>>> print(open('upload.csv').read())   # CSV, C-alpha atoms
chain,number,residue,atom,x,y,z
A,24,GLN,CA,46.6,264.6,189.3
A,25,GLN,CA,45.0,264.5,192.7
A,26,GLN,CA,44.4,260.7,192.5
A,27,VAL,CA,46.0,258.0,194.5
A,28,LYS,CA,45.9,254.6,192.8
A,29,GLN,CA,45.9,251.6,195.0
A,30,SER,CA,46.4,247.9,194.2
A,31,PRO,CA,45.4,245.2,194.5
A,32,GLN,CA,41.6,245.5,195.1
A,33,SER,CA,41.6,242.4,197.2
A,34,LEU,CA,44.3,240.1,198.7
A,35,ILE,CA,44.1,236.7,200.3
A,36,VAL,CA,47.0,235.7,202.4
A,37,GLN,CA,47.7,232.7,204.7
A,38,LYS,CA,48.4,233.2,208.3
A,39,GLY,CA,52.0,234.0,208.8
A,40,GLY,CA,52.5,235.3,205.3
A,41,ILE,CA,53.4,238.7,204.1
A,42,SER,CA,50.7,241.1,202.8
A,43,ILE,CA,51.8,243.8,200.3
A,44,ILE,CA,49.6,246.7,199.2
A,45,ASN,CA,50.9,249.3,196.7
A,46,CYS,CA,49.9,252.9,196.0
A,47,ALA,CA,51.0,255.4,193.4
A,48,TYR,CA,50.5,259.1,193.2
A,49,GLU,CA,51.0,261.9,190.7
A,50,ASN,CA,50.9,265.1,192.7
A,51,THR,CA,54.4,266.0,193.8
A,52,ALA,CA,53.1,268.4,196.4
A,53,PHE,CA,51.9,265.5,198.5
A,54,ASP,CA,54.1,265.3,201.6
A,55,TYR,CA,52.3,263.0,204.0
A,56,PHE,CA,51.3,259.4,203.3
A,57,PRO,CA,49.2,257.6,205.9
A,58,TRP,CA,47.7,254.1,205.8
A,59,TYR,CA,44.3,253.6,207.4
A,60,GLN,CA,42.7,250.3,208.5
A,61,GLN,CA,39.0,250.0,208.4
A,62,PHE,CA,36.9,247.2,209.9
A,63,PRO,CA,33.3,246.7,208.8
A,64,GLY,CA,31.0,249.2,210.3
A,65,LYS,CA,33.8,251.3,211.7
A,66,GLY,CA,35.6,254.5,210.7
A,67,PRO,CA,39.1,254.4,209.2
A,68,ALA,CA,41.8,254.2,211.9
A,69,LEU,CA,45.4,255.4,211.3
A,70,LEU,CA,47.8,252.5,211.1
A,71,ILE,CA,51.1,254.1,210.1
A,72,ALA,CA,52.3,257.1,208.2
A,73,ILE,CA,55.4,258.4,206.5
A,74,ARG,CA,56.8,261.6,205.1
A,75,PRO,CA,59.0,261.7,202.0
A,76,ASP,CA,62.2,262.5,203.9
A,77,VAL,CA,62.6,258.8,204.8
A,78,SER,CA,62.4,255.7,202.6
A,79,GLU,CA,61.0,253.3,205.2
A,80,LYS,CA,59.2,253.3,208.4
A,81,LYS,CA,58.5,250.3,210.6
A,82,GLU,CA,56.0,249.9,213.5
A,83,GLY,CA,55.8,246.4,214.8
A,84,ARG,CA,54.6,244.1,211.9
A,85,PHE,CA,53.7,247.1,209.7
A,86,THR,CA,56.3,248.7,207.4
A,87,ILE,CA,55.8,251.5,204.8
A,88,SER,CA,58.3,251.6,202.0
A,89,PHE,CA,58.5,254.9,200.1
A,90,ASN,CA,60.0,255.6,196.7
A,91,LYS,CA,60.0,259.3,196.0
A,92,SER,CA,61.4,259.2,192.5
A,93,ALA,CA,58.8,256.6,191.4
A,94,LYS,CA,56.0,258.3,193.4
A,95,GLN,CA,55.1,255.0,194.9
A,96,PHE,CA,54.6,253.8,198.5
A,97,SER,CA,53.6,250.4,199.8
A,98,LEU,CA,52.4,248.8,203.0
A,99,HIS,CA,54.0,245.5,204.1
A,100,ILE,CA,52.3,243.4,206.8
A,101,MET,CA,54.6,240.8,208.2
A,102,ASP,CA,53.4,237.6,209.9
A,103,SER,CA,49.8,238.4,208.8
A,104,GLN,CA,47.1,237.3,211.3
A,105,PRO,CA,43.4,236.7,210.8
A,106,GLY,CA,42.8,239.8,213.0
A,107,ASP,CA,44.4,241.8,210.2
A,108,SER,CA,41.5,241.0,207.9
A,109,ALA,CA,40.2,244.4,207.1
A,110,THR,CA,40.1,247.1,204.3
A,111,TYR,CA,43.3,249.1,204.0
A,112,PHE,CA,43.4,252.5,202.4
A,113,CYS,CA,46.4,254.5,201.5
A,114,ALA,CA,46.1,258.3,201.5
A,115,ALA,CA,48.1,261.4,200.8
A,116,SER,CA,47.9,265.0,201.6
A,117,SER,CA,50.0,268.2,201.1
A,118,GLY,CA,50.8,270.9,203.5
A,119,THR,CA,48.9,273.4,201.4
A,120,SER,CA,45.6,271.5,201.4
A,121,TYR,CA,44.5,272.1,205.0
A,122,GLY,CA,44.6,268.5,205.9
A,123,LYS,CA,42.6,267.2,202.9
A,124,LEU,CA,43.3,263.5,202.6
A,125,THR,CA,43.1,261.9,199.1
A,126,PHE,CA,42.4,258.2,199.6
A,127,GLY,CA,43.1,255.2,197.4
A,128,GLN,CA,40.4,252.8,196.3
A,129,GLY,CA,41.1,250.4,199.2
A,130,THR,CA,42.3,246.8,199.5
A,131,ILE,CA,40.2,244.1,201.1
A,132,LEU,CA,42.7,241.9,202.9
A,133,THR,CA,41.6,238.4,204.0
A,134,VAL,CA,44.0,236.4,206.1
A,135,HIS,CA,43.1,232.7,206.3
A,136,PRO,CA,44.0,230.8,209.5
B,6,GLU,CA,41.5,257.1,224.9
B,7,PRO,CA,39.6,260.2,223.5
B,8,GLU,CA,37.6,259.5,220.4
B,9,VAL,CA,35.4,261.2,217.8
B,10,THR,CA,31.7,260.4,218.3
B,11,GLN,CA,28.9,260.8,215.7
B,12,THR,CA,25.2,260.7,215.9
B,13,PRO,CA,23.0,259.2,214.7
B,14,SER,CA,24.6,256.0,213.6
B,15,HIS,CA,21.9,255.6,210.9
B,16,GLN,CA,19.6,258.2,209.4
B,17,VAL,CA,16.9,257.4,206.9
B,18,THR,CA,15.3,260.3,205.1
B,19,GLN,CA,13.1,261.1,202.1
B,20,MET,CA,14.5,262.7,199.1
B,21,GLY,CA,14.3,266.5,199.4
B,22,GLN,CA,14.4,266.5,203.1
B,23,GLU,CA,17.0,268.3,205.2
B,24,VAL,CA,19.3,266.3,207.4
B,25,ILE,CA,21.8,267.3,210.0
B,26,LEU,CA,24.6,264.9,211.0
B,27,ARG,CA,26.4,265.6,214.3
B,28,CYS,CA,29.9,265.0,215.4
B,29,VAL,CA,31.8,265.6,218.7
B,30,PRO,CA,35.5,265.9,217.8
B,31,ILE,CA,38.3,265.2,220.3
B,32,SER,CA,38.2,268.0,222.8
B,33,ASN,CA,41.6,269.6,222.2
B,34,HIS,CA,41.5,269.3,218.4
B,35,LEU,CA,41.3,272.4,216.3
B,36,TYR,CA,40.8,271.0,212.8
B,37,PHE,CA,37.6,269.3,211.7
B,38,TYR,CA,36.7,267.4,208.6
B,39,TRP,CA,33.8,265.6,206.9
B,40,TYR,CA,34.4,262.7,204.5
B,41,ARG,CA,31.9,260.4,202.8
B,42,GLN,CA,32.1,256.8,201.6
B,43,ILE,CA,29.6,255.5,199.1
B,44,LEU,CA,29.1,251.8,199.7
B,45,GLY,CA,32.1,249.8,198.3
B,46,GLN,CA,34.0,252.9,197.2
B,47,LYS,CA,36.8,254.9,198.5
B,48,VAL,CA,36.6,257.6,201.2
B,49,GLU,CA,36.1,261.1,199.7
B,50,PHE,CA,37.0,264.4,201.2
B,51,LEU,CA,34.1,266.9,201.6
B,52,VAL,CA,35.3,269.8,203.7
B,53,SER,CA,37.9,271.0,206.3
B,54,PHE,CA,37.1,273.5,208.9
B,55,TYR,CA,39.3,275.6,211.2
B,56,ASN,CA,38.7,278.7,213.3
B,57,ASN,CA,35.0,278.7,212.5
B,58,GLU,CA,35.7,278.9,208.8
B,59,ILE,CA,35.8,276.5,205.9
B,60,SER,CA,39.5,276.0,205.0
B,61,GLU,CA,39.0,273.8,201.9
B,62,LYS,CA,36.1,272.0,200.2
B,63,SER,CA,35.7,269.6,197.4
B,64,GLU,CA,33.6,269.8,194.3
B,65,ILE,CA,31.1,267.5,196.0
B,66,PHE,CA,30.5,270.1,198.7
B,67,ASP,CA,28.1,272.3,196.7
B,68,ASP,CA,25.5,274.8,197.9
B,69,GLN,CA,23.3,271.9,199.4
B,70,PHE,CA,26.0,271.3,202.0
B,71,SER,CA,26.9,273.4,205.0
B,72,VAL,CA,29.0,272.9,208.1
B,73,GLU,CA,28.8,274.6,211.5
B,74,ARG,CA,30.3,274.5,214.9
B,75,PRO,CA,27.3,275.7,216.9
B,76,ASP,CA,29.1,275.5,220.3
B,77,GLY,CA,32.4,274.5,221.8
B,78,SER,CA,31.9,270.8,221.2
B,79,ASN,CA,29.7,269.9,218.3
B,80,PHE,CA,30.5,270.0,214.6
B,81,THR,CA,27.6,269.5,212.2
B,82,LEU,CA,27.1,268.7,208.5
B,83,LYS,CA,23.8,269.9,207.0
B,84,ILE,CA,22.4,268.7,203.7
B,85,ARG,CA,19.6,271.0,202.7
B,86,SER,CA,17.7,269.0,200.2
B,87,THR,CA,18.8,265.4,200.0
B,88,LYS,CA,19.2,263.5,196.8
B,89,LEU,CA,19.3,259.7,196.3
B,90,GLU,CA,23.0,260.0,195.5
B,91,ASP,CA,23.7,261.5,198.9
B,92,SER,CA,23.2,258.0,200.4
B,93,ALA,CA,26.6,257.1,201.9
B,94,MET,CA,28.5,256.7,205.1
B,95,TYR,CA,29.6,260.1,206.4
B,96,PHE,CA,32.7,260.3,208.6
B,97,CYS,CA,33.7,263.2,210.8
B,98,ALA,CA,37.4,263.5,211.6
B,99,SER,CA,39.5,265.8,213.7
B,100,SER,CA,43.1,266.6,214.2
B,101,GLU,CA,45.1,268.5,216.7
B,102,ASP,CA,47.0,270.6,214.2
B,103,LEU,CA,48.2,270.4,210.6
B,104,VAL,CA,51.8,269.6,211.4
B,105,THR,CA,51.2,266.2,213.0
B,106,ASP,CA,48.4,265.6,210.5
B,107,THR,CA,47.0,262.6,212.2
B,108,GLN,CA,43.2,262.6,211.6
B,109,TYR,CA,41.0,260.6,213.9
B,110,PHE,CA,37.8,259.4,212.4
B,111,GLY,CA,34.5,258.8,214.0
B,112,PRO,CA,32.4,255.6,213.5
B,113,GLY,CA,30.3,257.3,210.8
B,114,THR,CA,26.7,258.0,210.1
B,115,ARG,CA,25.0,255.9,207.5
B,116,LEU,CA,22.6,258.1,205.5
B,117,THR,CA,20.0,256.4,203.4
B,118,VAL,CA,17.9,258.6,201.1
B,119,LEU,CA,14.7,257.1,199.9
>>> encode(input="upload.csv", output="structure tokens")
Amino acid sequence: QQQVKQSPQSLIVQKGGISIINCAYENTAFDYFPWYQQFPGKGPALLIAIRPDVSEKKEGRFTISFNKSAKQFSLHIMDSQPGDSATYFCAASSGTSYGKLTFGQGTILTVHP
Amino acid sequence: EPEVTQTPSHQVTQMGQEVILRCVPISNHLYFYWYRQILGQKVEFLVSFYNNEISEKSEIFDDQFSVERPDGSNFTLKIRSTKLEDSAMYFCASSEDLVTDTQYFGPGTRLTVL
């Protein structure tokens, strides 16, 4: 019940295209859903996050869509760029878990020029 | 911009040896975390720490693991007797509080147990 399932495992997109990564969760106590970006040899860096009181959040080219009833959330990267090539992790936490983040399996995104 | 730092970047040790991984969280942060990432796998929570106490720990964080904030700036993870399966990337993270929830991760320490 603590798992967060992420798909796809890998994604190849042409420059300028839209990248879409999906996550699903079971634990209804989760109330914070961040997306992290990780480059090789680096630690995860927060990209964008959402709470369940809104269905969408947009920051620049990055948008989170959140469907509370389906217990799913997704990351959309518009106008994907080669510099976006990285591993993306969705995560979730609940207010009762002292900040413990439960991560998805990760998606390796490759954006071809 | 403030950042979390970790030392060493790479630690090689023999099975059964003790290792201490060090982290300097962002200075005004109050909550500290350790995560690990086995090569090619997802990031896994180990432990959270607040007010000099463990707040929560995972099933991975058994008696071989301990954490400490020995002074006002460092946060350490000790593995008492390393096993081959402890080989992983260990990330320290910190957050200002639980309300904002943003955790800032360090660059990690790659631990290799031979």
>>> closest_residue(input="upload.csv", among="A:Thr125, A:Thr119, A:Ser88, A:Ser108", to="Tyr48 in chain A", atoms="all atoms listed in the file")
A:Thr125
>>> residues_around(input="upload.csv", residues="range 85-91 of chain B", least_positions_apart="6", cutoff="12 Å", atoms="all atoms listed in the file", output="MDAnalysis selection string")
chainID B and resid 16:26 41:44 65:72 115:119
>>> residues_around(input="upload.csv", residues="range 94-111 of chain B", least_positions_apart="6", cutoff="6 Å", atoms="all atoms listed in the file", output="list in words")
Gly66 of chain A; Val9, Thr10, Pro30, His34, Leu35, Tyr36, Phe37, Tyr38, Trp39, Tyr40, Arg41 and Gln42 of chain B
>>> residues_near_point(input="upload.csv", point="(58.9, 250.0, 200.6)", cutoff="8 Å", atoms="only C-alpha atoms", output="PDB file with C-alpha atoms, in the frame of the given file")
ATOM      1  CA  SER A  78      62.400 255.700 202.600  1.00  0.00           C
ATOM      2  CA  GLU A  79      61.000 253.300 205.200  1.00  0.00           C
ATOM      3  CA  THR A  86      56.300 248.700 207.400  1.00  0.00           C
ATOM      4  CA  ILE A  87      55.800 251.500 204.800  1.00  0.00           C
ATOM      5  CA  SER A  88      58.300 251.600 202.000  1.00  0.00           C
ATOM      6  CA  PHE A  89      58.500 254.900 200.100  1.00  0.00           C
ATOM      7  CA  ASN A  90      60.000 255.600 196.700  1.00  0.00           C
ATOM      8  CA  PHE A  96      54.600 253.800 198.500  1.00  0.00           C
ATOM      9  CA  SER A  97      53.600 250.400 199.800  1.00  0.00           C
ATOM     10  CA  LEU A  98      52.400 248.800 203.000  1.00  0.00           C
ATOM     11  CA  HIS A  99      54.000 245.500 204.100  1.00  0.00           C
TER      12      HIS A  99
END
>>> closest_residue(input="upload.csv", among="B:Gly113, B:Gly77, B:Pro7, B:Pro13", to="Pro63 in chain A", atoms="all atoms listed in the file")
B:Gly113
>>> atom_distance(input="upload.csv", atom1="CA of Ser14 in chain B", atom2="CA of Arg74 in chain B")
19.4 Å
>>> residues_near_point(input="upload.csv", point="(48.8, 234.4, 209.5)", cutoff="12 Å", atoms="all atoms listed in the file", output="JSON, numbers by chain")
{"A": [35, 36, 37, 38, 39, 40, 41, 42, 84, 100, 101, 102, 103, 104, 105, 106, 107, 108, 132, 133, 134, 135, 136]}
>>> atom_distance(input="upload.csv", atom1="CA of Gly129 in chain A", atom2="CA of Pro112 in chain B")
17.5 Å
>>> interface_residues(input="upload.csv", of="chain A", to="chain B", cutoff="9 Å", atoms="all atoms listed in the file", output="PDB file with C-alpha atoms, keeping the file's coordinate frame")
ATOM      1  CA  TYR A  55      52.300 263.000 204.000  1.00  0.00           C
ATOM      2  CA  PRO A  57      49.200 257.600 205.900  1.00  0.00           C
ATOM      3  CA  GLY A  64      31.000 249.200 210.300  1.00  0.00           C
ATOM      4  CA  LYS A  65      33.800 251.300 211.700  1.00  0.00           C
ATOM      5  CA  GLY A  66      35.600 254.500 210.700  1.00  0.00           C
ATOM      6  CA  PRO A  67      39.100 254.400 209.200  1.00  0.00           C
ATOM      7  CA  ALA A  68      41.800 254.200 211.900  1.00  0.00           C
ATOM      8  CA  LEU A  69      45.400 255.400 211.300  1.00  0.00           C
ATOM      9  CA  ALA A  72      52.300 257.100 208.200  1.00  0.00           C
ATOM     10  CA  PHE A 112      43.400 252.500 202.400  1.00  0.00           C
ATOM     11  CA  SER A 116      47.900 265.000 201.600  1.00  0.00           C
ATOM     12  CA  GLY A 118      50.800 270.900 203.500  1.00  0.00           C
ATOM     13  CA  SER A 120      45.600 271.500 201.400  1.00  0.00           C
ATOM     14  CA  TYR A 121      44.500 272.100 205.000  1.00  0.00           C
ATOM     15  CA  GLY A 122      44.600 268.500 205.900  1.00  0.00           C
ATOM     16  CA  LYS A 123      42.600 267.200 202.900  1.00  0.00           C
ATOM     17  CA  LEU A 124      43.300 263.500 202.600  1.00  0.00           C
ATOM     18  CA  THR A 125      43.100 261.900 199.100  1.00  0.00           C
ATOM     19  CA  PHE A 126      42.400 258.200 199.600  1.00  0.00           C
ATOM     20  CA  GLY A 127      43.100 255.200 197.400  1.00  0.00           C
ATOM     21  CA  GLN A 128      40.400 252.800 196.300  1.00  0.00           C
ATOM     22  CA  GLY A 129      41.100 250.400 199.200  1.00  0.00           C
TER      23      GLY A 129
END
>>> atom_distance(input="upload.csv", atom1="CA of Val77 in chain A", atom2="CA of Ala114 in chain A")
16.8 Å
>>> residues_around(input="upload.csv", residues="Asn79 in chain B", least_positions_apart="3", cutoff="6 Å", atoms="all atoms listed in the file", output="list of chain:residue names")
B:Cys28, B:Val29, B:Arg74, B:Asp76
>>> build_atoms(input="upload.csv", residues="range 24-35 of chain B", atoms="N, CA, C and O atoms", output="PDB file, keeping the file's coordinate frame")
ATOM      1  N   VAL B  24      18.782 267.096 206.336  1.00  0.00           N
ATOM      2  CA  VAL B  24      19.300 266.300 207.400  1.00  0.00           C
ATOM      3  C   VAL B  24      20.509 267.007 208.049  1.00  0.00           C
ATOM      4  O   VAL B  24      21.212 267.777 207.391  1.00  0.00           O
ATOM      5  N   ILE B  25      20.691 266.764 209.323  1.00  0.00           N
ATOM      6  CA  ILE B  25      21.800 267.300 210.000  1.00  0.00           C
ATOM      7  C   ILE B  25      22.560 266.121 210.703  1.00  0.00           C
ATOM      8  O   ILE B  25      21.956 265.371 211.483  1.00  0.00           O
ATOM      9  N   LEU B  26      23.807 265.974 210.365  1.00  0.00           N
ATOM     10  CA  LEU B  26      24.600 264.900 211.000  1.00  0.00           C
ATOM     11  C   LEU B  26      25.543 265.595 211.992  1.00  0.00           C
ATOM     12  O   LEU B  26      26.131 266.641 211.732  1.00  0.00           O
ATOM     13  N   ARG B  27      25.642 264.940 213.141  1.00  0.00           N
ATOM     14  CA  ARG B  27      26.400 265.600 214.300  1.00  0.00           C
ATOM     15  C   ARG B  27      27.616 264.811 214.634  1.00  0.00           C
ATOM     16  O   ARG B  27      27.689 263.591 214.528  1.00  0.00           O
ATOM     17  N   CYS B  28      28.586 265.569 215.088  1.00  0.00           N
ATOM     18  CA  CYS B  28      29.900 265.000 215.400  1.00  0.00           C
ATOM     19  C   CYS B  28      30.392 265.751 216.674  1.00  0.00           C
ATOM     20  O   CYS B  28      30.176 266.961 216.829  1.00  0.00           O
ATOM     21  N   VAL B  29      31.040 265.009 217.557  1.00  0.00           N
ATOM     22  CA  VAL B  29      31.800 265.600 218.700  1.00  0.00           C
ATOM     23  C   VAL B  29      33.229 265.273 218.468  1.00  0.00           C
ATOM     24  O   VAL B  29      33.628 264.120 218.688  1.00  0.00           O
ATOM     25  N   PRO B  30      34.040 266.227 218.020  1.00  0.00           N
ATOM     26  CA  PRO B  30      35.500 265.900 217.800  1.00  0.00           C
ATOM     27  C   PRO B  30      36.189 265.746 219.148  1.00  0.00           C
ATOM     28  O   PRO B  30      35.631 266.020 220.215  1.00  0.00           O
ATOM     29  N   ILE B  31      37.421 265.303 219.070  1.00  0.00           N
ATOM     30  CA  ILE B  31      38.300 265.200 220.300  1.00  0.00           C
ATOM     31  C   ILE B  31      38.491 266.583 220.825  1.00  0.00           C
ATOM     32  O   ILE B  31      38.757 267.528 220.077  1.00  0.00           O
ATOM     33  N   SER B  32      38.413 266.717 222.154  1.00  0.00           N
ATOM     34  CA  SER B  32      38.200 268.000 222.800  1.00  0.00           C
ATOM     35  C   SER B  32      39.348 269.035 222.503  1.00  0.00           C
ATOM     36  O   SER B  32      39.082 270.215 222.386  1.00  0.00           O
ATOM     37  N   ASN B  33      40.589 268.655 222.415  1.00  0.00           N
ATOM     38  CA  ASN B  33      41.600 269.600 222.200  1.00  0.00           C
ATOM     39  C   ASN B  33      42.018 269.801 220.731  1.00  0.00           C
ATOM     40  O   ASN B  33      43.009 270.456 220.395  1.00  0.00           O
ATOM     41  N   HIS B  34      41.221 269.210 219.847  1.00  0.00           N
ATOM     42  CA  HIS B  34      41.500 269.300 218.400  1.00  0.00           C
ATOM     43  C   HIS B  34      40.969 270.597 217.846  1.00  0.00           C
ATOM     44  O   HIS B  34      39.944 271.134 218.305  1.00  0.00           O
ATOM     45  N   LEU B  35      41.662 271.115 216.831  1.00  0.00           N
ATOM     46  CA  LEU B  35      41.300 272.400 216.300  1.00  0.00           C
ATOM     47  C   LEU B  35      40.840 272.324 214.813  1.00  0.00           C
ATOM     48  O   LEU B  35      40.262 273.278 214.302  1.00  0.00           O
TER      49      LEU B  35
END
